[in-house]
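This report concerns only the one structure given below.
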Amino acid sequence: MREIPVTSVTGHADTQHPLSSSEVARIKADFEILEHPINGTDLVYLDSGATSQKPRCVYEAEQHYYETANAAVHRGAHSLAVEATELFEQARETVASFIGARSNEVVWTSNATEALNLISYSLSNASAGLGGSAAERFRLTRDDEILVTELEHHANLIPWQELAFRTGATLRYVPVTEDGALRYDLLEELVTESTKLIAFTHVSNVLGTITDVERFVQAARRVGALTVLDGCQSVPHLPVDVKALDIDFMAFSGHKMLGPTGIGALYGRAELLDAMPPFLTGGSMITVVDMEHAEYLPSPQRFEAGTQRIAQAHSLATAASYLDEIGMERIAAWEEHLGTLLLEGLSQLDGVRVFGPTDAPRIGTVPFEVMGVHPHDVGQYLDSRGIAVRVGHHCAQPLHRALGVTATTRASTYLYNTEEDVAALIAAVGSVREYFGV
């Protein structure tokens, strides 16, 4: 049987040293799509905040799984089923290790949005009396409060709005300043004995700013509240250790970290996951079923009803191994460098406004507006030059209202972007106003 690849041999140097431009060029060569011309010119892909591109080894891993080990997991005694199950659970171990978790603390989901909804609906079920005495700690009432922030992606806001609606709890939020900085000074006032859950982003998908997780966790621990971290923009770009962060839950997506679409993950402390009532029910997550009731497996299987994302899990593990091979510290340092170039270059252009606090740590993501030109027009003009960026409210309408705009243009970098990519964007943005006659 042909061996299924797990990592890509890219010739990267010691993971303790910063990336060099030559290494980035070698990394970029692993991504065939980046050689694909757009509108007659080389592609400059600066939309990784929406979805990342995939190295060759990642989609080859998925293909090779189907060619050599395709079978339903946890269900069969034949050799293919055993091999598929081993690969599936090895993938869980790889991804769990990538974030500093134990394998029984990682639940596969379709994406981060589903992972966040899993927590919301599980707490809703507990509030309705499901899960027995073990789930009592998750019960919310009209006397309880849920705290979020004004930075949140809709995926980490709407599930908590719905949970508040279903349970009668009150939803509160930490506001931002006019430049998008979180009001940490209000945490002591907003986090009270009534606060049962605090959900917040690790990195803003709009601004690229990095949240001070420790301050939120300390505030939550003071009152015994649960913490839920949106790791969609941090797990792909920063070294993340869930145990060091001391969080209770974290959601992240595969497609933003070089992995395939259709798979994400929920991290949760094992003792919490084992006590939560399930979100989806059916086959594969039960121990005993009769015609009146069912009993459920411990985590993670209790949250993985039905046929799972086996090939995608293996492919995501390959992506995690690829990132590990390069080194997340090195990737973070390179993106910080690119982000600095973006900030400095865009800020020096006449008629261009860059958003976000100037003194906050960031990943390589920068939102901006070109005065007098709608972001959609900016995006289309950049596309004509072969430059892919994101335009709109980026699923964060409340934050944009706080910033005083309805939409922005967002450039987001990743490990395969070069200094030349940044220079191309800055040069193109510098010609937008002239092109539109502003």
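FYI, nothing fancy with the structure tokens labels: chains A, B, ... in order, residues from 1 per chain, ligands from 1 as they appear.
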Practice item. Write out as a PyMOL selection string each polymer residue whose atoms come within 7 Å of Ile363 in chain A, counting only C-alpha atoms; drop sequence neighbours fewer than 5 positions from it. Key: chain A and resi 208-209+335-336+339
Could the residues in this selection be written to a file with C-alpha atoms, as a PDB file, in the first residue's frame?
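The new file result_36.pdb reads:
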```pdb
ATOM      1  CA  GLY A 208      -5.289  42.122  12.672  1.00  0.00           C
ATOM      2  CA  THR A 209      -4.757  43.315  16.259  1.00  0.00           C
ATOM      3  CA  GLU A 335       4.147  38.321   8.987  1.00  0.00           C
ATOM      4  CA  GLU A 336       4.915  40.983  11.573  1.00  0.00           C
ATOM      5  CA  GLY A 339       2.518  43.942   8.359  1.00  0.00           C
TER       6      GLY A 339
END
```
Contact check, range 121-179 of chain A to range 216-221 of chain A, at most 12 Å, counting only C-alpha atoms, closest pairs as a tab-separated table:
```
residue	atom	partner	partner_atom	distance
A:Ile146	CA	A:Ala220	CA	11.1
A:Leu147	CA	A:Ala220	CA	9.9
A:Val148	CA	A:Phe216	CA	10.4
A:Thr149	CA	A:Phe216	CA	10.7
A:Val174	CA	A:Phe216	CA	10.6
```
Point to revise | range 154-156 of chain A environment, 8 Å, only C-alpha atoms, sequence neighbours closer than 5 positions dropped, as number ranges by chain | key: A: 112-113, 116, 199-201, 230, 395-397
Taking a cut-off of 12 Å and counting only C-alpha atoms, can you build a table that, for each residue of range 90-183 of chain A near range 237-244 of chain A, reports the nearest atom pair and how far apart they are in Å (one decimal), sorted by chain then residue number, as a Markdown table?
```
| residue | atom | partner | partner_atom | distance |
| --- | --- | --- | --- | --- |
| A:Val95 | CA | A:Val240 | CA | 11.6 |
| A:Ala96 | CA | A:Val242 | CA | 9.7 |
| A:Ser97 | CA | A:Asp241 | CA | 9.0 |
| A:Phe98 | CA | A:Val240 | CA | 7.8 |
| A:Ile99 | CA | A:Asp241 | CA | 5.0 |
| A:Gly100 | CA | A:Asp241 | CA | 4.7 |
| A:Ala101 | CA | A:Val242 | CA | 6.5 |
| A:Arg102 | CA | A:Lys243 | CA | 9.8 |
| A:Glu105 | CA | A:Val242 | CA | 10.5 |
| A:Val106 | CA | A:Val242 | CA | 11.3 |
```
Practice item. Find the spatial neighbours of His400 in chain A, counting only C-alpha atoms, within a cut-off of 12 Å - ignore same-chain residues fewer than 3 positions away - and output them as a PyMOL selection string. Key: chain A and resi 150-153+176-180+205-207+355-356+367-369+392-397+403-409
Could those residues be written to a file, using N, CA and C atoms, as a PDB file, in the first residue's frame?
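Wrote it out as result.pdb, contents follow:
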```
ATOM      1  N   GLU A 150     -16.837  44.178  20.945  1.00  0.00           N
ATOM      2  CA  GLU A 150     -17.280  44.857  19.733  1.00  0.00           C
ATOM      3  C   GLU A 150     -16.394  44.520  18.533  1.00  0.00           C
ATOM      4  N   LEU A 151     -15.322  43.770  18.767  1.00  0.00           N
ATOM      5  CA  LEU A 151     -14.426  43.367  17.688  1.00  0.00           C
ATOM      6  C   LEU A 151     -14.925  42.149  16.927  1.00  0.00           C
ATOM      7  N   GLU A 152     -15.904  41.437  17.470  1.00  0.00           N
ATOM      8  CA  GLU A 152     -16.149  40.059  17.039  1.00  0.00           C
ATOM      9  C   GLU A 152     -16.638  39.910  15.600  1.00  0.00           C
ATOM     10  N   HIS A 153     -16.141  38.860  14.976  1.00  0.00           N
ATOM     11  CA  HIS A 153     -16.728  38.326  13.750  1.00  0.00           C
ATOM     12  C   HIS A 153     -18.144  37.871  14.093  1.00  0.00           C
ATOM     13  N   VAL A 176     -15.095  49.237  21.802  1.00  0.00           N
ATOM     14  CA  VAL A 176     -13.786  49.662  21.308  1.00  0.00           C
ATOM     15  C   VAL A 176     -13.756  51.180  21.237  1.00  0.00           C
ATOM     16  N   THR A 177     -12.554  51.730  21.195  1.00  0.00           N
ATOM     17  CA  THR A 177     -12.384  53.170  21.002  1.00  0.00           C
ATOM     18  C   THR A 177     -12.631  53.493  19.533  1.00  0.00           C
ATOM     19  N   GLU A 178     -12.560  54.765  19.180  1.00  0.00           N
ATOM     20  CA  GLU A 178     -12.851  55.171  17.801  1.00  0.00           C
ATOM     21  C   GLU A 178     -11.813  54.638  16.818  1.00  0.00           C
ATOM     22  N   ASP A 179     -10.648  54.225  17.324  1.00  0.00           N
ATOM     23  CA  ASP A 179      -9.657  53.633  16.414  1.00  0.00           C
ATOM     24  C   ASP A 179      -9.620  52.107  16.503  1.00  0.00           C
ATOM     25  N   GLY A 180     -10.538  51.520  17.259  1.00  0.00           N
ATOM     26  CA  GLY A 180     -10.666  50.074  17.286  1.00  0.00           C
ATOM     27  C   GLY A 180      -9.945  49.376  18.412  1.00  0.00           C
ATOM     28  N   ASN A 205     -10.269  39.768  12.953  1.00  0.00           N
ATOM     29  CA  ASN A 205     -10.208  39.439  11.527  1.00  0.00           C
ATOM     30  C   ASN A 205     -10.212  40.681  10.652  1.00  0.00           C
ATOM     31  N   VAL A 206     -10.616  41.823  11.207  1.00  0.00           N
ATOM     32  CA  VAL A 206     -10.625  43.074  10.446  1.00  0.00           C
ATOM     33  C   VAL A 206      -9.314  43.824  10.628  1.00  0.00           C
ATOM     34  N   LEU A 207      -8.926  44.061  11.868  1.00  0.00           N
ATOM     35  CA  LEU A 207      -7.788  44.935  12.169  1.00  0.00           C
ATOM     36  C   LEU A 207      -6.464  44.183  12.246  1.00  0.00           C
ATOM     37  N   PHE A 355      -6.799  51.676   9.303  1.00  0.00           N
ATOM     38  CA  PHE A 355      -7.591  51.502  10.513  1.00  0.00           C
ATOM     39  C   PHE A 355      -6.852  50.660  11.546  1.00  0.00           C
ATOM     40  N   GLY A 356      -7.218  50.894  12.792  1.00  0.00           N
ATOM     41  CA  GLY A 356      -6.661  50.126  13.891  1.00  0.00           C
ATOM     42  C   GLY A 356      -5.720  50.951  14.739  1.00  0.00           C
ATOM     43  N   PRO A 367      -6.418  46.798   7.366  1.00  0.00           N
ATOM     44  CA  PRO A 367      -7.574  47.337   6.657  1.00  0.00           C
ATOM     45  C   PRO A 367      -7.361  48.820   6.348  1.00  0.00           C
ATOM     46  N   PHE A 368      -7.921  49.281   5.242  1.00  0.00           N
ATOM     47  CA  PHE A 368      -7.735  50.685   4.868  1.00  0.00           C
ATOM     48  C   PHE A 368      -8.891  51.137   3.986  1.00  0.00           C
ATOM     49  N   GLU A 369      -8.973  52.441   3.787  1.00  0.00           N
ATOM     50  CA  GLU A 369      -9.916  52.996   2.819  1.00  0.00           C
ATOM     51  C   GLU A 369      -9.199  54.029   1.972  1.00  0.00           C
ATOM     52  N   GLY A 392     -15.474  44.943   1.973  1.00  0.00           N
ATOM     53  CA  GLY A 392     -16.770  44.802   2.619  1.00  0.00           C
ATOM     54  C   GLY A 392     -16.661  45.025   4.111  1.00  0.00           C
ATOM     55  N   HIS A 393     -17.624  44.467   4.858  1.00  0.00           N
ATOM     56  CA  HIS A 393     -17.597  44.625   6.317  1.00  0.00           C
ATOM     57  C   HIS A 393     -16.952  43.430   7.008  1.00  0.00           C
ATOM     58  N   HIS A 394     -16.504  42.430   6.224  1.00  0.00           N
ATOM     59  CA  HIS A 394     -15.729  41.297   6.737  1.00  0.00           C
ATOM     60  C   HIS A 394     -16.456  40.565   7.864  1.00  0.00           C
ATOM     61  N   CYS A 395     -17.781  40.485   7.765  1.00  0.00           N
ATOM     62  CA  CYS A 395     -18.599  39.822   8.795  1.00  0.00           C
ATOM     63  C   CYS A 395     -18.349  40.427  10.174  1.00  0.00           C
ATOM     64  N   ALA A 396     -18.191  41.736  10.205  1.00  0.00           N
ATOM     65  CA  ALA A 396     -17.989  42.446  11.475  1.00  0.00           C
ATOM     66  C   ALA A 396     -18.636  43.828  11.367  1.00  0.00           C
ATOM     67  N   GLN A 397     -19.957  43.832  11.163  1.00  0.00           N
ATOM     68  CA  GLN A 397     -20.670  45.100  10.997  1.00  0.00           C
ATOM     69  C   GLN A 397     -20.601  45.997  12.235  1.00  0.00           C
ATOM     70  N   LEU A 403     -16.055  52.146  13.893  1.00  0.00           N
ATOM     71  CA  LEU A 403     -14.977  52.850  13.183  1.00  0.00           C
ATOM     72  C   LEU A 403     -15.506  53.990  12.317  1.00  0.00           C
ATOM     73  N   GLY A 404     -16.825  54.059  12.150  1.00  0.00           N
ATOM     74  CA  GLY A 404     -17.425  55.147  11.384  1.00  0.00           C
ATOM     75  C   GLY A 404     -17.464  54.908   9.891  1.00  0.00           C
ATOM     76  N   VAL A 405     -17.376  53.631   9.466  1.00  0.00           N
ATOM     77  CA  VAL A 405     -17.426  53.301   8.041  1.00  0.00           C
ATOM     78  C   VAL A 405     -18.334  52.092   7.852  1.00  0.00           C
ATOM     79  N   THR A 406     -18.802  51.911   6.621  1.00  0.00           N
ATOM     80  CA  THR A 406     -19.635  50.744   6.330  1.00  0.00           C
ATOM     81  C   THR A 406     -18.821  49.587   5.774  1.00  0.00           C
ATOM     82  N   ALA A 407     -17.639  49.899   5.224  1.00  0.00           N
ATOM     83  CA  ALA A 407     -16.814  48.861   4.609  1.00  0.00           C
ATOM     84  C   ALA A 407     -15.362  49.319   4.552  1.00  0.00           C
ATOM     85  N   THR A 408     -14.465  48.358   4.420  1.00  0.00           N
ATOM     86  CA  THR A 408     -13.041  48.654   4.264  1.00  0.00           C
ATOM     87  C   THR A 408     -12.452  47.690   3.227  1.00  0.00           C
ATOM     88  N   THR A 409     -11.245  48.004   2.806  1.00  0.00           N
ATOM     89  CA  THR A 409     -10.447  47.084   1.993  1.00  0.00           C
ATOM     90  C   THR A 409      -9.404  46.466   2.921  1.00  0.00           C
TER      91      THR A 409
END
```
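When only C-alpha atoms are used to compute distances to Arg410 in chain A, the closest of the residues A:Gly131, A:Gly364, A:Gly264, A:Pro37 turns out to be A:Gly364.
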Name all residues at most 12 Å from range 138-144 of chain A (count only C-alpha atoms; drop same-chain ones fewer than 4 positions away) and give them as a compact mmCIF listing (two decimals) with C-alpha atoms, in the first residue's frame.
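Printed below is selection24.txt as written:
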```
# COMPACT_ATOMS: atom_id res chain seq x y z
CA ILE A 119 -20.88 25.41 22.53
CA SER A 120 -23.89 27.72 22.28
CA TYR A 121 -26.41 24.94 21.64
CA SER A 122 -24.85 22.62 24.19
CA LEU A 123 -25.21 25.32 26.85
CA SER A 124 -28.75 25.92 25.64
CA ASN A 125 -29.52 22.21 26.01
CA ALA A 126 -28.03 22.24 29.49
CA SER A 127 -30.19 25.25 30.32
CA ALA A 128 -33.23 23.26 29.22
CA GLY A 129 -32.33 20.52 31.69
CA LEU A 130 -30.48 18.08 29.42
CA GLY A 131 -27.26 16.46 30.59
CA GLY A 132 -28.33 15.89 34.17
CA SER A 133 -26.41 17.05 37.20
CA ALA A 134 -23.07 17.00 35.35
CA TRP A 160 -24.29 34.22 21.87
CA LEU A 163 -28.11 31.74 23.44
CA ALA A 164 -29.19 34.86 25.33
CA PHE A 165 -32.54 34.80 23.52
CA ARG A 166 -33.14 31.12 24.30
CA THR A 167 -32.18 31.33 27.97
CA GLY A 168 -33.20 34.87 28.90
CA ALA A 169 -29.61 35.77 29.82
CA THR A 170 -28.31 39.28 29.15
CA LEU A 171 -25.71 39.87 26.42
CA ARG A 172 -23.15 42.60 27.16
CA VAL A 191 -17.36 41.20 34.41
CA THR A 192 -19.57 40.58 37.44
CA GLU A 193 -20.76 37.66 39.54
CA SER A 194 -23.56 37.32 36.97
CA THR A 195 -21.12 36.72 34.09
CA LYS A 196 -21.22 33.05 33.09
CA LEU A 197 -19.36 33.13 29.76
CA ILE A 198 -16.88 35.46 28.04
CA VAL A 223 -15.99 35.20 38.86
CA GLY A 224 -15.85 31.59 37.63
CA ALA A 225 -16.97 32.36 34.08
CA LEU A 226 -16.21 30.14 31.08
CA LEU A 272 -15.94 20.34 30.42
CA LEU A 273 -16.57 18.50 27.16
CA ALA A 275 -20.01 17.08 31.09
CA MET A 276 -21.70 18.98 28.24
CA PRO A 277 -24.84 17.62 26.58
```
Check your understanding: Running DSSP on the backbone, which parts of range 122-280 of chain A land in strand (DSSP E), as a PyMOL selection string?
Key -> chain A and resi 145-149+170-174+195-201+226-230+249-253+264-268
Once you have the residues from the selection above, write them out as a short mmCIF file (atom, residue, chain, number, x, y, z; two decimals), in the first residue's frame, restricted to N, CA and C atoms.
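Saved as out-v2.cif:
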```cif
data_model
loop_
_atom_site.label_atom_id
_atom_site.label_comp_id
_atom_site.auth_asym_id
_atom_site.auth_seq_id
_atom_site.Cartn_x
_atom_site.Cartn_y
_atom_site.Cartn_z
N GLU A 145 -25.34 36.57 32.70
CA GLU A 145 -24.86 37.45 31.63
C GLU A 145 -23.80 36.75 30.79
N ILE A 146 -23.79 37.10 29.50
CA ILE A 146 -22.78 36.66 28.54
C ILE A 146 -22.05 37.90 28.06
N LEU A 147 -20.72 37.83 28.01
CA LEU A 147 -19.93 38.99 27.60
C LEU A 147 -19.17 38.69 26.32
N VAL A 148 -19.27 39.59 25.34
CA VAL A 148 -18.50 39.49 24.10
C VAL A 148 -17.77 40.82 23.91
N THR A 149 -17.21 41.05 22.73
CA THR A 149 -16.56 42.34 22.45
C THR A 149 -17.09 42.90 21.13
N THR A 170 -28.60 37.96 29.70
CA THR A 170 -28.31 39.28 29.15
C THR A 170 -26.97 39.25 28.41
N LEU A 171 -26.95 39.78 27.19
CA LEU A 171 -25.71 39.87 26.42
C LEU A 171 -25.12 41.27 26.59
N ARG A 172 -23.86 41.33 27.02
CA ARG A 172 -23.15 42.60 27.16
C ARG A 172 -21.88 42.53 26.32
N TYR A 173 -21.27 43.69 26.08
CA TYR A 173 -20.07 43.67 25.26
C TYR A 173 -19.05 44.71 25.72
N VAL A 174 -17.78 44.39 25.46
CA VAL A 174 -16.68 45.32 25.70
C VAL A 174 -16.55 46.20 24.46
N THR A 195 -21.74 37.12 35.36
CA THR A 195 -21.12 36.72 34.09
C THR A 195 -20.83 35.22 34.10
N LYS A 196 -21.41 34.50 33.16
CA LYS A 196 -21.22 33.05 33.09
C LYS A 196 -20.31 32.63 31.93
N LEU A 197 -20.17 33.49 30.93
CA LEU A 197 -19.36 33.13 29.76
C LEU A 197 -18.80 34.40 29.13
N ILE A 198 -17.52 34.35 28.75
CA ILE A 198 -16.88 35.46 28.04
C ILE A 198 -16.32 34.91 26.74
N ALA A 199 -16.81 35.43 25.60
CA ALA A 199 -16.36 35.00 24.28
C ALA A 199 -15.65 36.16 23.60
N PHE A 200 -14.44 35.91 23.12
CA PHE A 200 -13.66 37.01 22.53
C PHE A 200 -12.68 36.47 21.51
N THR A 201 -12.29 37.34 20.59
CA THR A 201 -11.37 36.94 19.54
C THR A 201 -9.93 37.06 20.00
N LEU A 226 -16.86 30.89 32.15
CA LEU A 226 -16.21 30.14 31.08
C LEU A 226 -15.62 31.10 30.05
N THR A 227 -14.53 30.69 29.41
CA THR A 227 -13.92 31.51 28.35
C THR A 227 -13.97 30.76 27.03
N VAL A 228 -14.35 31.48 25.98
CA VAL A 228 -14.41 30.94 24.62
C VAL A 228 -13.57 31.85 23.73
N LEU A 229 -12.54 31.28 23.11
CA LEU A 229 -11.63 32.06 22.28
C LEU A 229 -11.86 31.74 20.81
N ASP A 230 -12.03 32.78 20.00
CA ASP A 230 -12.07 32.63 18.54
C ASP A 230 -10.63 32.65 18.05
N PHE A 249 -12.33 27.02 26.05
CA PHE A 249 -12.69 26.56 24.71
C PHE A 249 -11.98 27.43 23.67
N MET A 250 -11.75 26.86 22.49
CA MET A 250 -11.24 27.63 21.36
C MET A 250 -11.74 27.00 20.06
N ALA A 251 -12.17 27.84 19.12
CA ALA A 251 -12.61 27.37 17.81
C ALA A 251 -11.63 27.86 16.75
N PHE A 252 -11.37 27.01 15.75
CA PHE A 252 -10.54 27.44 14.63
C PHE A 252 -10.91 26.64 13.39
N SER A 253 -10.52 27.15 12.22
CA SER A 253 -10.90 26.56 10.94
C SER A 253 -9.68 26.01 10.21
N GLY A 264 -13.12 22.05 10.63
CA GLY A 264 -12.60 22.94 11.66
C GLY A 264 -12.50 22.14 12.93
N ALA A 265 -12.23 22.81 14.02
CA ALA A 265 -12.08 22.07 15.28
C ALA A 265 -12.50 22.93 16.46
N LEU A 266 -12.96 22.24 17.49
CA LEU A 266 -13.23 22.86 18.78
C LEU A 266 -12.28 22.26 19.80
N TYR A 267 -11.51 23.12 20.46
CA TYR A 267 -10.78 22.68 21.64
C TYR A 267 -11.64 22.96 22.86
N GLY A 268 -11.66 22.01 23.79
CA GLY A 268 -12.32 22.23 25.07
C GLY A 268 -11.63 21.42 26.14
#
```
Neighbours of Gly254 in chain A within 12 Å (only C-alpha atoms; same-chain residues fewer than 4 positions away dropped), as a compact mmCIF listing (two decimals) with N, CA and C atoms, in the first residue's frame?
```
# COMPACT_ATOMS: atom_id res chain seq x y z
N ALA A 50 -9.33 35.55 4.66
CA ALA A 50 -10.58 34.90 4.26
C ALA A 50 -10.38 33.41 4.10
N THR A 51 -9.39 33.03 3.31
CA THR A 51 -9.01 31.62 3.18
C THR A 51 -7.58 31.57 2.68
N SER A 52 -6.83 30.61 3.17
CA SER A 52 -5.44 30.48 2.76
C SER A 52 -5.32 29.59 1.53
N GLN A 53 -4.23 29.72 0.81
CA GLN A 53 -3.93 28.78 -0.25
C GLN A 53 -3.33 27.50 0.36
N LYS A 54 -3.24 26.45 -0.44
CA LYS A 54 -2.83 25.14 0.08
C LYS A 54 -1.54 24.68 -0.59
N VAL A 58 -0.73 19.13 0.94
CA VAL A 58 -2.01 19.08 1.63
C VAL A 58 -3.08 18.45 0.75
N VAL A 95 -3.12 17.54 15.26
CA VAL A 95 -3.72 18.87 15.39
C VAL A 95 -3.80 19.28 16.85
N TRP A 108 -13.79 17.42 15.99
CA TRP A 108 -13.89 17.85 14.60
C TRP A 108 -15.25 18.49 14.34
N THR A 109 -15.22 19.59 13.62
CA THR A 109 -16.45 20.26 13.19
C THR A 109 -16.31 20.62 11.71
N SER A 110 -17.36 21.17 11.13
CA SER A 110 -17.27 21.58 9.72
C SER A 110 -16.43 22.83 9.55
N ASN A 111 -16.41 23.68 10.56
CA ASN A 111 -15.67 24.94 10.52
C ASN A 111 -15.73 25.56 11.91
N ALA A 112 -15.12 26.71 12.08
CA ALA A 112 -15.13 27.37 13.39
C ALA A 112 -16.53 27.84 13.77
N THR A 113 -17.31 28.25 12.79
CA THR A 113 -18.67 28.70 13.07
C THR A 113 -19.49 27.58 13.71
N ALA A 115 -18.22 25.11 15.38
CA ALA A 115 -17.64 24.86 16.70
C ALA A 115 -18.22 25.82 17.74
N GLY A 231 -10.12 31.47 17.66
CA GLY A 231 -8.73 31.35 17.23
C GLY A 231 -8.55 31.30 15.72
N CYS A 232 -9.57 31.73 14.97
CA CYS A 232 -9.50 31.61 13.51
C CYS A 232 -8.32 32.36 12.90
N GLN A 233 -8.02 33.54 13.45
CA GLN A 233 -6.95 34.35 12.88
C GLN A 233 -5.65 34.24 13.68
N VAL A 235 -4.51 30.87 15.26
CA VAL A 235 -3.91 29.54 15.08
C VAL A 235 -3.11 29.44 13.78
N PRO A 236 -3.55 30.05 12.66
CA PRO A 236 -2.74 29.97 11.44
C PRO A 236 -1.48 30.84 11.47
N LEU A 258 -3.93 26.61 5.86
CA LEU A 258 -3.40 25.81 4.76
C LEU A 258 -4.16 24.51 4.55
N GLY A 259 -5.16 24.22 5.38
CA GLY A 259 -5.91 22.98 5.28
C GLY A 259 -7.07 23.09 4.31
N PRO A 260 -7.83 21.99 4.17
CA PRO A 260 -8.97 21.98 3.25
C PRO A 260 -10.18 22.70 3.83
N THR A 261 -11.13 23.00 2.97
CA THR A 261 -12.42 23.49 3.45
C THR A 261 -13.22 22.33 4.00
N GLY A 262 -14.26 22.66 4.76
CA GLY A 262 -15.15 21.62 5.26
C GLY A 262 -14.73 21.00 6.57
N ILE A 263 -13.66 21.52 7.19
CA ILE A 263 -13.26 20.98 8.49
C ILE A 263 -12.74 22.12 9.37
N GLY A 264 -13.12 22.05 10.63
CA GLY A 264 -12.60 22.94 11.66
C GLY A 264 -12.50 22.14 12.93
N ALA A 265 -12.23 22.81 14.02
CA ALA A 265 -12.08 22.07 15.28
C ALA A 265 -12.50 22.93 16.46
N LEU A 266 -12.96 22.24 17.49
CA LEU A 266 -13.23 22.86 18.78
C LEU A 266 -12.28 22.26 19.80
N ARG A 309 -15.35 13.68 8.82
CA ARG A 309 -14.54 14.31 7.76
C ARG A 309 -13.15 13.66 7.77
N GLN A 312 -10.49 14.96 5.16
CA GLN A 312 -10.17 16.36 5.50
C GLN A 312 -9.35 16.45 6.78
N ALA A 313 -9.65 15.58 7.75
CA ALA A 313 -8.87 15.59 8.99
C ALA A 313 -7.42 15.23 8.71
N HIS A 314 -7.22 14.21 7.87
CA HIS A 314 -5.85 13.82 7.51
C HIS A 314 -5.15 14.95 6.77
N SER A 315 -5.87 15.61 5.88
CA SER A 315 -5.29 16.73 5.13
C SER A 315 -4.96 17.90 6.04
N LEU A 316 -5.84 18.17 7.02
CA LEU A 316 -5.57 19.26 7.97
C LEU A 316 -4.35 18.94 8.82
N ALA A 317 -4.21 17.70 9.23
CA ALA A 317 -3.02 17.31 9.99
C ALA A 317 -1.75 17.52 9.18
N THR A 318 -1.83 17.26 7.88
CA THR A 318 -0.69 17.50 7.00
C THR A 318 -0.35 18.99 6.98
N ALA A 319 -1.38 19.84 6.94
CA ALA A 319 -1.15 21.28 6.97
C ALA A 319 -0.48 21.70 8.28
N ALA A 320 -0.97 21.15 9.39
CA ALA A 320 -0.37 21.47 10.70
C ALA A 320 1.09 21.03 10.75
```
Point to revise | Interatomic distance, CA of Leu182 in chain A to CA of Leu157 in chain A (Å, one decimal) | key: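 About the pair CA of Leu182 in chain A and CA of Leu157 in chain A: they are 15.7 Å apart.
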Exercise for review: Give me the residues within 10 Å of Pro298 in chain A as a VMD selection string, counting only C-alpha atoms and dropping any in the same chain fewer than 6 places off.
Suggested key: chain A and resid 104 270 to 271 273 to 276 278 285 to 287
Quick one: which range 25-90 of chain A residues come within 6 Å of range 411-433 of chain A, and what is the nearest atom pair for each with the distance in Å to one decimal, counting only C-alpha atoms, rows ordered by chain and ascending number, as CSV?
```
residue,atom,partner,partner_atom,distance
A:Ile27,CA,A:Tyr416,CA,6.0
A:Lys28,CA,A:Tyr416,CA,4.8
A:Val44,CA,A:Asp421,CA,5.8
A:Leu46,CA,A:Ser412,CA,4.9
A:Asp47,CA,A:Ser412,CA,5.2
A:Ser48,CA,A:Ser412,CA,5.6
A:Gly49,CA,A:Ser412,CA,5.5
```
Save out the residues we just selected, C-alpha atoms, as a PDB file, in the first residue's frame.
```
ATOM      1  CA  ILE A  27       7.811  28.110   0.431  1.00  0.00           C
ATOM      2  CA  LYS A  28       5.885  30.004  -2.244  1.00  0.00           C
ATOM      3  CA  VAL A  44      -0.505  38.655  -5.642  1.00  0.00           C
ATOM      4  CA  LEU A  46      -3.394  39.086  -0.072  1.00  0.00           C
ATOM      5  CA  ASP A  47      -6.668  37.536   1.081  1.00  0.00           C
ATOM      6  CA  SER A  48      -5.465  34.794   3.420  1.00  0.00           C
ATOM      7  CA  GLY A  49      -7.597  36.243   6.221  1.00  0.00           C
TER       8      GLY A  49
END
```
**Study point:** Shortest interatomic distance to Gly437 in chain A - which of A:Val389, A:Arg222, A:His255, A:Val373, counting only C-alpha atoms
**Key:**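 Of all the options, A:Val373 lies closest to Gly437 in chain A.
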Study note, to complete from the structure: From the list A:Gln63, A:Tyr322, A:Gln90, A:Ile210, the nearest residue to Asp359 in chain A using only C-alpha atoms is A:Ile210
**Study point:** Selected residue of minimal separation from Val213 in chain A among A:Glu23, A:Glu434, A:Glu93, A:Asp248, counting only C-alpha atoms
**Key:** A:Asp248
**Study point:** Those in range 50-210 of chain A with alpha helix (DSSP H) from DSSP, as an MDAnalysis selection string
**Key:** chainID A and resid 56:68 79:98 112:127 158:167 187:190
